[in-house]
$ cat data.cif   # mmCIF, C-alpha atoms and all ligand atoms; chains and numbers go by the auth columns
data_entry
#
loop_
_atom_site.group_PDB
_atom_site.id
_atom_site.type_symbol
_atom_site.label_atom_id
_atom_site.label_comp_id
_atom_site.label_asym_id
_atom_site.label_seq_id
_atom_site.Cartn_x
_atom_site.Cartn_y
_atom_site.Cartn_z
_atom_site.B_iso_or_equiv
_atom_site.auth_seq_id
_atom_site.auth_asym_id
ATOM 1 C CA MET A 1 119.554 14.866 20.456 0.00 839 F
ATOM 2 C CA CYS A 2 116.693 13.933 22.697 0.00 840 F
ATOM 3 C CA PHE A 3 117.863 15.023 26.094 0.00 841 F
ATOM 4 C CA ARG A 4 116.882 18.294 27.583 0.00 842 F
ATOM 5 C CA PRO A 5 117.759 19.896 30.872 0.00 843 F
ATOM 6 C CA PRO A 6 114.848 19.825 33.296 0.00 844 F
ATOM 7 C CA SER A 7 114.889 23.553 33.845 0.00 845 F
ATOM 8 C CA ALA A 8 115.061 24.462 30.188 0.00 846 F
ATOM 9 C CA GLY A 9 111.948 24.920 28.116 0.00 847 F
ATOM 10 C CA LYS A 10 111.393 26.653 24.854 0.00 848 F
ATOM 11 C CA PRO A 11 113.913 29.343 24.083 0.00 849 F
ATOM 12 C CA ILE A 12 112.659 32.862 24.482 0.00 850 F
ATOM 13 C CA LYS A 13 113.183 35.202 21.590 0.00 851 F
ATOM 14 C CA CYS A 14 114.218 38.616 22.740 0.00 852 F
ATOM 15 C CA PRO A 15 111.604 41.183 21.688 0.00 853 F
ATOM 16 C CA SER A 16 114.310 43.770 21.467 0.00 854 F
ATOM 17 C CA CYS A 17 117.212 42.204 19.582 0.00 855 F
ATOM 18 C CA GLY A 18 115.793 38.848 18.505 0.00 856 F
ATOM 19 C CA ALA A 19 118.389 36.779 20.291 0.00 857 F
ATOM 20 C CA LEU A 20 117.336 33.395 21.600 0.00 858 F
ATOM 21 C CA ASN A 21 117.570 33.099 25.332 0.00 859 F
ATOM 22 C CA PRO A 22 117.226 30.133 27.653 0.00 860 F
ATOM 23 C CA ASN A 23 113.713 29.696 28.968 0.00 861 F
ATOM 24 C CA ILE A 24 114.960 30.355 32.477 0.00 862 F
ATOM 25 C CA ALA A 25 116.537 33.654 31.529 0.00 863 F
ATOM 26 C CA LYS A 26 114.825 36.716 32.887 0.00 864 F
ATOM 27 C CA ASN A 27 116.804 39.122 30.826 0.00 865 F
ATOM 28 C CA CYS A 28 118.249 38.894 27.364 0.00 866 F
ATOM 29 C CA VAL A 29 121.765 37.521 27.362 0.00 867 F
ATOM 30 C CA LYS A 30 122.625 39.915 24.609 0.00 868 F
ATOM 31 C CA CYS A 31 120.958 43.223 25.315 0.00 869 F
ATOM 32 C CA LYS A 32 119.669 42.636 28.853 0.00 870 F
ATOM 33 C CA ALA A 33 116.132 43.427 27.812 0.00 871 F
ATOM 34 C CA ASP A 34 113.363 42.238 30.072 0.00 872 F
ATOM 35 C CA LEU A 35 112.054 38.935 28.763 0.00 873 F
ATOM 36 C CA SER A 36 109.035 38.644 31.030 0.00 874 F
ATOM 37 C CA ALA A 37 106.799 40.217 28.404 0.00 875 F
ATOM 38 C CA ALA A 38 107.979 37.848 25.702 0.00 876 F
ATOM 39 C CA LYS A 39 107.552 34.965 28.069 0.00 877 F
ATOM 40 C CA GLU A 40 103.888 35.806 28.512 0.00 878 F
ATOM 41 C CA GLU A 41 103.306 35.405 24.801 0.00 879 F
ATOM 42 C CA ASN A 42 105.024 32.055 24.766 0.00 880 F
ATOM 43 C CA LYS A 43 102.852 30.733 27.510 0.00 881 F
ATOM 44 C CA GLU A 44 101.276 27.553 26.262 0.00 882 F
ATOM 45 C CA GLU A 45 100.725 25.539 29.354 0.00 883 F
ATOM 46 C CA LYS A 46 97.822 26.732 31.356 0.00 884 F
ATOM 47 C CA LYS A 47 97.799 25.794 34.963 0.00 885 F
ATOM 48 C CA ASP A 48 94.683 25.716 36.994 0.00 886 F
ATOM 49 C CA GLU A 49 94.879 28.298 39.662 0.00 887 F
HETATM 50 ZN ZN ZN B . 117.973 41.122 23.397 0.00 1 Z
#

$ encode --input "data.cif" --output "structure tokens" --more "lines below"
Ligand SMILES: [Zn+2]
Amino acid sequence: MCFRPPSAGKPIKCPSCGALNPNIAKNCVKCKADLSAAKEENKEEKKDE
């Protein structure tokens, strides 16, 4: 219930088909759509650069 893999964050919803993908996925597992755009919108943590 309260364990989460270190490399997994919030699931990314595919902008194309709506499927939920692992945070580490670069492309939708279902339709192979590029998830980088969707990932930008989900960005919550701002890092100082
Ligand atoms: Zn998709």

$ residues_near_ligand --input "data.cif" --ligand "ligand ZN 1 (chain Z)" --cutoff "6 Å" --atoms "all atoms listed in the file" --output "list of chain:residue names"
F:Cys852, F:Ser854, F:Cys855, F:Gly856, F:Ala857, F:Cys866, F:Lys868, F:Cys869, F:Lys870, F:Ala871

$ atom_distance --input "data.cif" --atom1 "atom CA of F:Ser874" --atom2 "atom CA of F:Pro849"
12.6 Å

$ axis_aligned_box --input "data.cif" --around "stretch 849-866 of chain F" --padding-each-side "8 Å" --output "JSON"
{"center_x": 115.0, "center_y": 36.6, "center_z": 25.7, "size_x": 22.8, "size_y": 30.4, "size_z": 30.4}

$ residues_around --input "data.cif" --residues "F:Leu873" --least-positions-apart "5" --cutoff "9 Å" --atoms "all atoms listed in the file" --output "JSON, numbers by chain"
{"F": [850, 851, 852, 853, 859, 863, 864, 865, 866, 878]}
